[in-house]
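Chemist: So I've got this file, model-v6.cif, and it contains mmCIF, C-alpha atoms:
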```
data_target
#
loop_
_atom_site.label_atom_id
_atom_site.label_comp_id
_atom_site.auth_asym_id
_atom_site.auth_seq_id
_atom_site.Cartn_x
_atom_site.Cartn_y
_atom_site.Cartn_z
CA MET A 5 -47.61 1.95 -7.03
CA PRO A 6 -45.50 5.05 -6.57
CA CYS A 7 -45.52 6.63 -3.14
CA TYR A 8 -44.43 9.94 -1.72
CA PHE A 9 -43.38 9.84 1.91
CA ALA A 10 -42.52 12.65 4.29
CA ILE A 11 -41.85 13.20 7.95
CA ILE A 12 -43.27 16.42 9.33
CA GLY A 13 -41.90 17.72 12.60
CA ALA A 14 -43.71 18.86 15.69
CA ARG A 15 -43.66 22.46 14.48
CA ASP A 16 -45.06 21.43 11.09
CA ASN A 17 -41.64 21.76 9.54
CA PRO A 18 -40.44 19.20 7.00
CA ILE A 19 -37.90 16.72 8.39
CA TYR A 20 -37.50 14.25 5.59
CA GLU A 21 -39.05 13.44 2.24
CA ALA A 22 -38.67 10.68 -0.27
CA GLU A 23 -40.37 9.41 -3.35
CA PHE A 24 -40.56 5.69 -3.93
CA THR A 25 -40.85 4.54 -7.48
CA SER A 26 -39.71 1.50 -9.31
CA GLN A 27 -38.95 0.90 -12.91
CA GLN A 28 -41.71 -1.50 -13.79
CA LEU A 29 -44.34 0.67 -12.13
CA ASN A 30 -45.40 4.12 -13.16
CA SER A 31 -44.02 7.07 -11.35
CA PHE A 32 -45.85 10.26 -10.57
CA PRO A 33 -46.57 12.35 -13.66
CA PRO A 34 -44.24 15.35 -13.60
CA GLU A 35 -47.03 17.90 -13.43
CA LEU A 36 -48.51 16.22 -10.37
CA LYS A 37 -45.23 15.50 -8.69
CA GLU A 38 -44.78 19.08 -7.60
CA LEU A 39 -48.19 19.07 -5.99
CA ASN A 40 -47.32 16.20 -3.66
CA PRO A 41 -46.00 18.33 -0.79
CA PHE A 42 -49.14 20.48 -0.91
CA ILE A 43 -51.48 17.51 -0.93
CA LEU A 44 -49.57 16.05 1.93
CA HIS A 45 -49.60 19.18 4.02
CA ALA A 46 -53.31 19.56 3.47
CA SER A 47 -53.86 16.31 5.32
CA LEU A 48 -52.01 17.50 8.42
CA ASP A 49 -55.18 19.14 9.72
CA ILE A 50 -56.93 15.83 9.59
CA ILE A 51 -54.14 14.20 11.55
CA GLU A 52 -54.43 16.85 14.21
CA ASP A 53 -58.16 16.27 14.42
CA LEU A 54 -57.68 12.54 14.72
CA GLN A 55 -54.97 12.97 17.32
CA TRP A 56 -57.32 14.29 19.97
CA GLN A 57 -60.36 12.27 19.09
CA VAL A 58 -61.51 9.72 21.57
CA ASN A 59 -62.47 7.29 18.86
CA PRO A 60 -60.66 7.83 15.61
CA GLN A 61 -62.80 6.18 12.97
CA SER A 62 -59.87 5.15 10.92
CA ILE A 63 -58.55 2.83 13.58
CA ASN A 64 -60.60 -0.14 12.63
CA SER A 65 -58.39 -2.79 14.12
CA GLY A 66 -60.81 -3.12 17.01
CA SER A 67 -58.20 -2.51 19.66
CA GLY A 68 -60.85 -1.15 21.97
CA SER A 69 -61.72 2.33 23.05
CA GLY A 70 -59.51 5.34 23.19
CA GLY A 71 -57.58 7.15 20.52
CA PHE A 72 -53.95 8.01 20.21
CA LEU A 73 -52.08 7.54 23.49
CA ARG A 74 -55.27 6.68 25.27
CA SER A 75 -55.27 2.94 25.06
CA ARG A 76 -53.88 1.93 28.36
CA ASN A 77 -54.47 -1.71 27.63
CA SER A 78 -52.10 -2.07 24.74
CA SER A 79 -48.43 -1.46 25.27
CA ASN A 80 -47.44 -1.66 21.63
CA ASN A 81 -47.32 1.20 19.19
CA GLY A 82 -50.18 -0.19 17.11
CA ASN A 83 -52.33 2.83 17.71
CA CYS A 84 -49.82 5.19 16.16
CA TYR A 85 -50.96 4.07 12.76
CA LEU A 86 -53.89 6.20 11.72
CA GLY A 87 -54.68 4.33 8.54
CA LYS A 88 -56.05 6.05 5.48
CA ILE A 89 -56.85 9.57 6.49
CA ASP A 90 -57.54 11.44 3.27
CA HIS A 91 -57.89 11.10 -0.45
CA PHE A 92 -57.37 13.50 -3.30
CA TYR A 93 -58.25 12.69 -6.91
CA GLY A 94 -57.48 9.03 -6.73
CA LEU A 95 -54.53 9.45 -4.41
CA ALA A 96 -54.80 7.91 -0.98
CA ILE A 97 -53.06 9.44 2.00
CA THR A 98 -52.07 7.50 5.08
CA GLY A 99 -50.67 8.82 8.32
CA TYR A 100 -48.76 7.71 11.36
CA LEU A 101 -48.15 9.73 14.46
CA SER A 102 -45.16 9.19 16.71
CA TYR A 103 -45.28 9.83 20.44
CA GLY A 104 -43.12 12.89 20.00
CA ASN A 105 -45.70 14.41 17.66
CA MET A 106 -43.74 13.63 14.53
CA LYS A 107 -46.11 13.08 11.66
CA PHE A 108 -45.27 10.43 9.11
CA VAL A 109 -47.42 10.89 6.04
CA MET A 110 -47.51 9.15 2.70
CA ILE A 111 -49.31 9.59 -0.60
CA HIS A 112 -50.16 6.39 -2.43
CA SER A 113 -50.95 6.57 -6.08
CA SER A 114 -52.79 3.96 -8.03
CA ASN A 115 -51.17 2.30 -10.99
CA ALA A 116 -53.64 3.62 -13.49
CA ASN A 117 -53.35 7.36 -13.63
CA GLY A 118 -55.92 8.75 -11.29
CA SER A 119 -58.87 6.83 -12.71
CA THR A 120 -59.32 4.45 -9.80
CA LEU A 121 -58.76 5.14 -6.16
CA ALA A 122 -55.46 3.83 -4.88
CA GLN A 123 -55.78 0.80 -2.65
CA VAL A 124 -53.89 0.78 0.60
CA GLU A 125 -52.73 -2.50 2.06
CA ASP A 126 -53.01 -1.69 5.72
CA TRP A 127 -50.82 -4.50 6.94
CA SER A 128 -47.75 -3.72 4.88
CA VAL A 129 -48.12 0.04 5.19
CA ARG A 130 -48.38 -0.29 8.94
CA SER A 131 -45.24 -2.41 9.06
CA PHE A 132 -43.44 0.11 6.91
CA TYR A 133 -44.39 2.94 9.24
CA GLN A 134 -43.42 1.01 12.33
CA GLU A 135 -39.98 0.20 10.99
CA VAL A 136 -39.41 3.76 9.86
CA HIS A 137 -40.45 4.86 13.32
CA GLU A 138 -37.80 2.56 14.76
CA LEU A 139 -35.17 4.01 12.42
CA PHE A 140 -36.28 7.47 13.40
CA VAL A 141 -35.85 6.69 17.09
CA LYS A 142 -32.32 5.50 16.35
CA THR A 143 -31.62 8.74 14.51
CA LEU A 144 -32.85 10.66 17.53
CA MET A 145 -30.32 8.83 19.67
CA ASN A 146 -27.48 10.21 17.57
CA PRO A 147 -25.95 12.97 19.69
CA PHE A 148 -25.23 15.05 16.62
CA TYR A 149 -28.85 15.17 15.52
CA LYS A 150 -30.95 18.02 16.89
CA LEU A 151 -34.65 17.45 17.40
CA ASN A 152 -36.82 18.89 14.63
CA ASP A 153 -33.87 19.38 12.28
CA PRO A 154 -34.04 17.90 8.80
CA ILE A 155 -32.56 14.42 8.54
CA THR A 156 -29.75 14.57 6.03
CA SER A 157 -28.12 11.24 6.83
CA PRO A 158 -27.64 9.12 3.72
CA VAL A 159 -27.76 6.00 5.88
CA PHE A 160 -31.25 6.82 7.07
CA ASP A 161 -32.30 7.54 3.52
CA SER A 162 -31.03 4.28 2.12
CA LYS A 163 -32.59 2.30 4.95
CA VAL A 164 -35.97 3.93 4.43
CA ARG A 165 -35.75 3.19 0.72
CA ALA A 166 -34.90 -0.41 1.43
CA LEU A 167 -37.97 -0.67 3.66
CA ALA A 168 -40.10 0.87 0.94
CA ARG A 169 -38.87 -1.72 -1.54
CA ARG A 170 -39.73 -4.48 0.88
CA TYR A 171 -43.18 -3.31 1.92
CA LEU A 172 -44.59 -0.94 -0.64
CA LEU A 173 -43.24 -1.63 -4.10
CA LYS A 174 -44.35 -5.13 -4.82
CA MET B 12 2.29 4.06 43.50
CA SER B 13 3.51 0.85 44.95
CA ALA B 14 0.09 -0.71 45.33
CA ASN B 15 0.66 -2.83 42.28
CA SER B 16 4.11 -4.00 43.11
CA ALA B 17 3.17 -4.98 46.64
CA ASN B 18 1.25 -8.05 45.70
CA ILE B 19 3.38 -9.80 43.21
CA SER B 20 2.55 -13.16 44.60
CA ALA B 21 -1.09 -12.48 45.30
CA SER B 22 -2.57 -13.24 41.95
CA SER B 23 -1.92 -15.93 39.42
CA ALA B 24 -3.28 -14.08 36.44
CA GLY B 25 -0.51 -15.19 34.18
CA SER B 26 -2.18 -17.33 31.59
CA LYS B 27 -4.76 -16.03 29.19
CA LYS B 28 -7.60 -18.18 30.33
CA SER B 29 -7.38 -17.36 33.98
CA LEU B 30 -7.09 -13.68 33.17
CA LYS B 31 -10.33 -13.93 31.25
CA THR B 32 -12.29 -15.78 33.91
CA PHE B 33 -10.75 -13.54 36.52
CA SER B 34 -12.03 -10.38 34.83
CA ASP B 35 -15.39 -11.97 34.03
CA ASP B 36 -15.75 -12.55 37.71
CA ILE B 37 -14.92 -8.95 38.57
CA TRP B 38 -17.31 -7.71 35.91
CA LYS B 39 -20.09 -9.85 37.33
CA ASN B 40 -19.58 -9.33 41.01
CA LYS B 41 -17.62 -6.22 41.74
CA THR B 42 -18.74 -3.74 39.13
CA ALA B 43 -21.67 -1.37 39.49
CA LYS B 44 -23.48 -1.11 36.16
CA ILE B 45 -25.49 1.60 34.51
CA ASN B 46 -27.83 1.54 31.58
CA ALA B 47 -25.84 1.37 28.36
CA GLU B 48 -28.00 3.90 26.55
CA LEU B 49 -27.70 6.39 29.37
CA PHE B 50 -23.93 5.99 29.21
CA THR B 51 -23.79 6.31 25.44
CA LEU B 52 -26.04 9.34 25.37
CA THR B 53 -24.14 11.04 28.18
CA TYR B 54 -20.85 10.66 26.35
CA GLY B 55 -22.52 11.68 23.09
CA SER B 56 -23.88 14.88 24.53
CA ILE B 57 -20.45 15.72 25.94
CA VAL B 58 -18.84 15.33 22.53
CA SER B 59 -21.50 17.25 20.66
CA GLN B 60 -21.41 20.01 23.26
CA LEU B 61 -17.62 20.22 22.89
CA CYS B 62 -18.04 20.53 19.13
CA THR B 63 -20.36 23.48 19.68
CA ASP B 64 -18.16 25.07 22.33
CA PHE B 65 -15.03 24.89 20.18
CA GLU B 66 -16.98 26.13 17.16
CA ARG B 67 -16.45 22.87 15.31
CA ASP B 68 -12.66 23.02 15.54
CA PHE B 69 -12.34 19.25 15.75
CA LYS B 70 -8.62 19.22 16.44
CA LYS B 71 -9.31 21.09 19.65
CA VAL B 72 -12.17 18.75 20.45
CA ASN B 73 -9.85 15.77 20.02
CA SER B 74 -7.22 17.16 22.32
CA HIS B 75 -9.80 18.23 24.87
CA LEU B 76 -11.36 14.76 24.91
CA SER B 77 -7.93 13.29 25.37
CA ALA B 78 -7.20 15.66 28.26
CA MET B 79 -10.49 14.72 29.90
CA GLY B 80 -9.59 11.08 29.47
CA TYR B 81 -6.16 11.65 30.97
CA ASN B 82 -7.74 13.07 34.10
CA ILE B 83 -10.00 10.05 34.30
CA GLY B 84 -7.14 7.63 33.66
CA VAL B 85 -4.85 8.85 36.42
CA ARG B 86 -7.66 8.17 38.91
CA LEU B 87 -9.14 5.12 37.32
CA ILE B 88 -5.92 3.14 37.61
CA GLU B 89 -6.20 3.38 41.39
CA ASP B 90 -9.68 1.89 41.22
CA PHE B 91 -8.51 -0.73 38.74
CA LEU B 92 -5.66 -1.90 40.95
CA ALA B 93 -7.86 -1.90 44.02
CA ARG B 94 -10.35 -4.16 42.29
CA THR B 95 -8.00 -6.52 40.56
CA ALA B 96 -4.88 -6.49 42.77
CA LEU B 97 -2.90 -7.48 39.70
CA PRO B 98 0.88 -7.63 40.00
CA ARG B 99 3.28 -5.56 37.99
CA CYS B 100 3.49 -6.73 34.40
CA ASP B 101 6.74 -8.40 33.34
CA SER B 102 6.59 -7.28 29.76
CA PHE B 103 4.74 -4.89 27.53
CA THR B 104 3.07 -7.92 25.93
CA GLN B 105 1.57 -8.77 29.25
CA THR B 106 0.48 -5.17 29.72
CA SER B 107 -1.39 -5.34 26.45
CA GLU B 108 -3.20 -8.48 27.59
CA VAL B 109 -4.18 -6.89 30.86
CA ILE B 110 -5.46 -3.78 29.09
CA SER B 111 -7.58 -5.70 26.64
CA LYS B 112 -8.80 -8.64 28.69
CA CYS B 113 -9.01 -7.01 32.06
CA ALA B 114 -9.27 -3.23 31.93
CA PHE B 115 -11.62 -2.95 28.95
CA LYS B 116 -13.63 -5.89 30.23
CA ILE B 117 -14.12 -4.46 33.68
CA PHE B 118 -14.97 -0.92 32.71
CA LEU B 119 -16.67 -1.30 29.35
CA ASN B 120 -17.44 -5.04 29.08
CA VAL B 121 -15.69 -5.37 25.75
CA THR B 122 -12.50 -7.23 24.89
CA PRO B 123 -10.56 -5.59 22.10
CA GLN B 124 -8.22 -7.73 20.02
CA VAL B 125 -4.53 -7.09 20.51
CA GLY B 126 -2.42 -7.22 17.39
CA ASN B 127 -0.21 -5.51 14.87
CA TRP B 128 2.89 -5.53 17.07
CA SER B 129 5.86 -3.56 15.92
CA SER B 130 9.11 -5.48 15.48
CA SER B 131 10.64 -3.87 18.53
CA LYS B 132 7.64 -4.96 20.63
CA ASP B 133 6.99 -1.49 21.92
CA THR B 134 3.91 -0.64 19.89
CA PHE B 135 0.67 -2.56 19.53
CA SER B 136 -2.87 -2.01 18.33
CA LEU B 137 -6.20 -2.57 20.01
CA PHE B 138 -9.00 -3.47 17.63
CA LEU B 139 -12.37 -2.54 19.08
CA ASP B 140 -14.97 -4.84 17.55
CA GLU B 141 -17.71 -3.07 19.41
CA ASN B 142 -17.49 0.32 20.99
CA PRO B 143 -20.09 1.12 23.62
CA LEU B 144 -19.31 4.81 23.31
CA SER B 145 -20.35 5.07 19.72
CA ASP B 146 -23.68 3.23 19.48
CA PHE B 147 -26.24 5.19 17.45
CA VAL B 148 -23.61 7.73 16.42
CA GLU B 149 -23.31 9.00 12.91
CA LEU B 150 -20.73 11.71 12.43
CA PRO B 151 -21.80 14.88 10.66
CA MET B 152 -20.22 15.49 7.25
CA ASP B 153 -17.76 18.13 8.43
CA ALA B 154 -16.50 15.97 11.30
CA VAL B 155 -15.91 12.75 9.40
CA LYS B 156 -12.36 13.58 8.41
CA GLU B 157 -11.15 15.15 11.64
CA LEU B 158 -13.02 14.09 14.74
CA TRP B 159 -11.89 11.04 16.68
CA TYR B 160 -15.16 10.44 18.43
CA SER B 161 -13.89 8.07 21.12
CA ASN B 162 -10.66 9.95 21.72
CA ILE B 163 -11.38 9.98 25.44
CA LEU B 164 -10.20 6.35 25.51
CA CYS B 165 -6.72 7.40 24.37
CA GLY B 166 -6.48 9.81 27.25
CA VAL B 167 -7.69 7.25 29.75
CA LEU B 168 -5.08 4.71 28.65
CA LYS B 169 -2.31 7.28 28.59
CA GLY B 170 -3.15 8.57 32.05
CA ALA B 171 -3.52 5.12 33.54
CA LEU B 172 -0.29 3.79 32.05
CA GLU B 173 1.60 6.85 33.14
CA MET B 174 0.62 6.17 36.73
CA VAL B 175 2.23 2.74 36.51
CA GLN B 176 5.49 4.20 35.23
CA MET B 177 4.89 3.68 31.54
CA ASP B 178 5.16 6.75 29.41
CA CYS B 179 3.02 5.95 26.38
CA ASP B 180 1.50 7.62 23.37
CA VAL B 181 -1.99 6.48 22.50
CA TRP B 182 -3.88 7.48 19.37
CA PHE B 183 -6.58 6.32 17.01
CA VAL B 184 -5.61 5.01 13.60
CA SER B 185 -9.04 4.23 12.22
CA ASP B 186 -12.64 4.31 13.31
CA VAL B 187 -15.71 2.65 11.82
CA LEU B 188 -17.55 5.93 12.33
CA ARG B 189 -15.30 7.44 9.69
CA GLY B 190 -16.13 4.65 7.31
CA ASP B 191 -13.04 2.57 8.03
CA GLN B 192 -13.06 -1.21 8.14
CA ASN B 193 -12.34 -1.42 11.86
CA THR B 194 -11.67 0.69 14.89
CA GLU B 195 -7.99 0.62 15.76
CA MET B 196 -6.14 2.28 18.61
CA ARG B 197 -2.37 2.36 18.67
CA VAL B 198 -0.37 2.27 21.91
CA LYS B 199 3.33 3.13 21.83
CA LEU B 200 5.63 2.74 24.80
CA ASN B 201 8.14 5.58 24.91
CA ARG B 202 10.04 4.66 28.04
CA ILE B 203 9.59 3.13 31.43
CA MET B 204 9.85 5.86 34.00
CA LYS B 205 12.03 5.27 37.00
CA GLU B 206 10.42 5.33 40.36
CA GLU B 207 11.78 8.56 41.59
CA ILE B 208 11.70 9.76 45.12
CA PRO B 209 9.75 13.01 45.24
CA ALA B 210 11.86 16.07 45.90
CA GLY B 211 12.20 16.90 49.54
CA GLU B 212 12.10 13.34 50.81
CA ASP B 213 15.05 11.25 51.72
#
```
Could you render the structure from this file as structure tokens?

Modeler:
Amino acid sequence: MPCYFAIIGARDNPIYEAEFTSQQLNSFPPELKELNPFILHASLDIIEDLQWQVNPQSINSGSGSGGFLRSRNSSNNGNCYLGKIDHFYGLAITGYLSYGNMKFVMIHSSNANGSTLAQVEDWSVRSFYQEVHELFVKTLMNPFYKLNDPITSPVFDSKVRALARRYLLK
Amino acid sequence: MSANSANISASSAGSKKSLKTFSDDIWKNKTAKINAELFTLTYGSIVSQLCTDFERDFKKVNSHLSAMGYNIGVRLIEDFLARTALPRCDSFTQTSEVISKCAFKIFLNVTPQVGNWSSSKDTFSLFLDENPLSDFVELPMDAVKELWYSNILCGVLKGALEMVQMDCDVWFVSDVLRGDQNTEMRVKLNRIMKEEIPAGED
């Protein structure tokens, strides 16, 4: 299924965007493609709500009480993944929140055009987010990159696309 | 000045193997270590700040980095000799071995490959397989062609060698950050300076 992925900075400014499509699968119809950024930004409010909730409903992994940054018991970044947070005419939207308040958001489209709701495979989407998060941390360590600036590095781009091929486009 | 020539007989660091174990030992026991990421980020912020200060005139940044390195080098050699108590090198070949296997090992824990000697044996290259200065770094588009990111190393070597009476030129030939195959530094010996008595002393 085609996906549209974006990183939104702490000041709600776009940092990075990419569209993942493959040849054998459909891509976004051109008239809907331009709507993607709007759909995605609309879900930012939901992320902000979830961020401060004590018990985000979408975390169904049973990792105990506490929302984002509140689980003292787990030292991993498992609770950054917010799961499916929104849907819009058959598109599913998932989110991931980094500790620096960077929002990673993605629109998943179903194969059939909008007739059925897109299914999200939590496991692979979570792995994708976690690895992108890792790449993002490495980008932050680059002394020439300023926080909250758009990421223009072609290396980052190609690595994210490689991850998308591995986890999302199967 | 004469600290290195005073102990000619003290050390038997002639052969390659003993030089290696010798510097491993110093690295393990005599060197204070800091977190690698802290080190890398500190150097990185210096370079990026210089780029801003010189308004992205990378030629100036290069020469400034080299000048900073020179000031480090002329002091660092004192520390180096105090730690290692190595004797004066007999040949420039030996100097190259000491630089790669001892100096780089002790201060940066890497061992660059020595190679690409000129026919007159006065110029050689150091190939840095890993460069602790440039982890995480990706040069911005406008800097790729001009900036020698690790140019501070050239200055350090030049300053240090000058203090042991070797007038050298040191420069980068290639850098993986620029998309080259390897990172290569070139060291050229211009002349061996005579030990001159400072003016005013008999």

Chemist: From the set B:Ser74, B:Thr53, B:Ser29, B:Asn201, which residue has the shortest atom-to-atom contact distance to Asn162 in chain B, counting all atoms listed in the file?

Modeler: B:Ser74

Chemist: Expand the PyMOL selection byres ((chain B) within 6 of (chain A)) into the individual residues it matches in the shown file, reporting them as a VMD selection string.

Modeler: chain B and resid 55 to 56 59 147 to 148

Chemist: Would you pick out the contacts of Gln124 in chain B at 10 Å or less, using all atoms listed in the file, so that residues sharing its chain but fewer than 6 positions from it are not included, and give the list as a list of chain:residue names?

Modeler: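 Close residues of Gln124 in chain B: B:Ser107, B:Glu108, B:Ser111, B:Lys112, B:Ser136, B:Leu137, B:Phe138, B:Leu139, B:Asp140, B:Glu195.
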
Chemist: Might you pull out every residue within 6 Å of range 79-90 of chain B, with only C-alpha atoms counted and same-chain residues fewer than 5 positions away left off, and present them as a list in words?

Modeler: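 That gives Ile163, Gly166, Val167, Gly170 and Ala171 of chain B.
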
Chemist: Find the residues near Asp161 in chain A: any atom within 12 Å, counting only C-alpha atoms, skip ones fewer than 4 places away on the same chain, and give them as an mmCIF file with C-alpha atoms, in the frame of the given file.

Modeler:
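The file below, out07.cif, is the result:
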```
data_model
loop_
_atom_site.group_PDB
_atom_site.id
_atom_site.type_symbol
_atom_site.label_atom_id
_atom_site.label_comp_id
_atom_site.auth_asym_id
_atom_site.auth_seq_id
_atom_site.Cartn_x
_atom_site.Cartn_y
_atom_site.Cartn_z
ATOM 1 C CA PHE A 9 -43.380 9.840 1.910
ATOM 2 C CA ALA A 10 -42.520 12.650 4.290
ATOM 3 C CA ILE A 11 -41.850 13.200 7.950
ATOM 4 C CA ILE A 19 -37.900 16.720 8.390
ATOM 5 C CA TYR A 20 -37.500 14.250 5.590
ATOM 6 C CA GLU A 21 -39.050 13.440 2.240
ATOM 7 C CA ALA A 22 -38.670 10.680 -0.270
ATOM 8 C CA GLU A 23 -40.370 9.410 -3.350
ATOM 9 C CA PHE A 24 -40.560 5.690 -3.930
ATOM 10 C CA VAL A 136 -39.410 3.760 9.860
ATOM 11 C CA LEU A 139 -35.170 4.010 12.420
ATOM 12 C CA PHE A 140 -36.280 7.470 13.400
ATOM 13 C CA THR A 143 -31.620 8.740 14.510
ATOM 14 C CA PRO A 154 -34.040 17.900 8.800
ATOM 15 C CA ILE A 155 -32.560 14.420 8.540
ATOM 16 C CA THR A 156 -29.750 14.570 6.030
ATOM 17 C CA SER A 157 -28.120 11.240 6.830
ATOM 18 C CA ARG A 165 -35.750 3.190 0.720
ATOM 19 C CA ALA A 166 -34.900 -0.410 1.430
ATOM 20 C CA LEU A 167 -37.970 -0.670 3.660
ATOM 21 C CA ALA A 168 -40.100 0.870 0.940
#
```
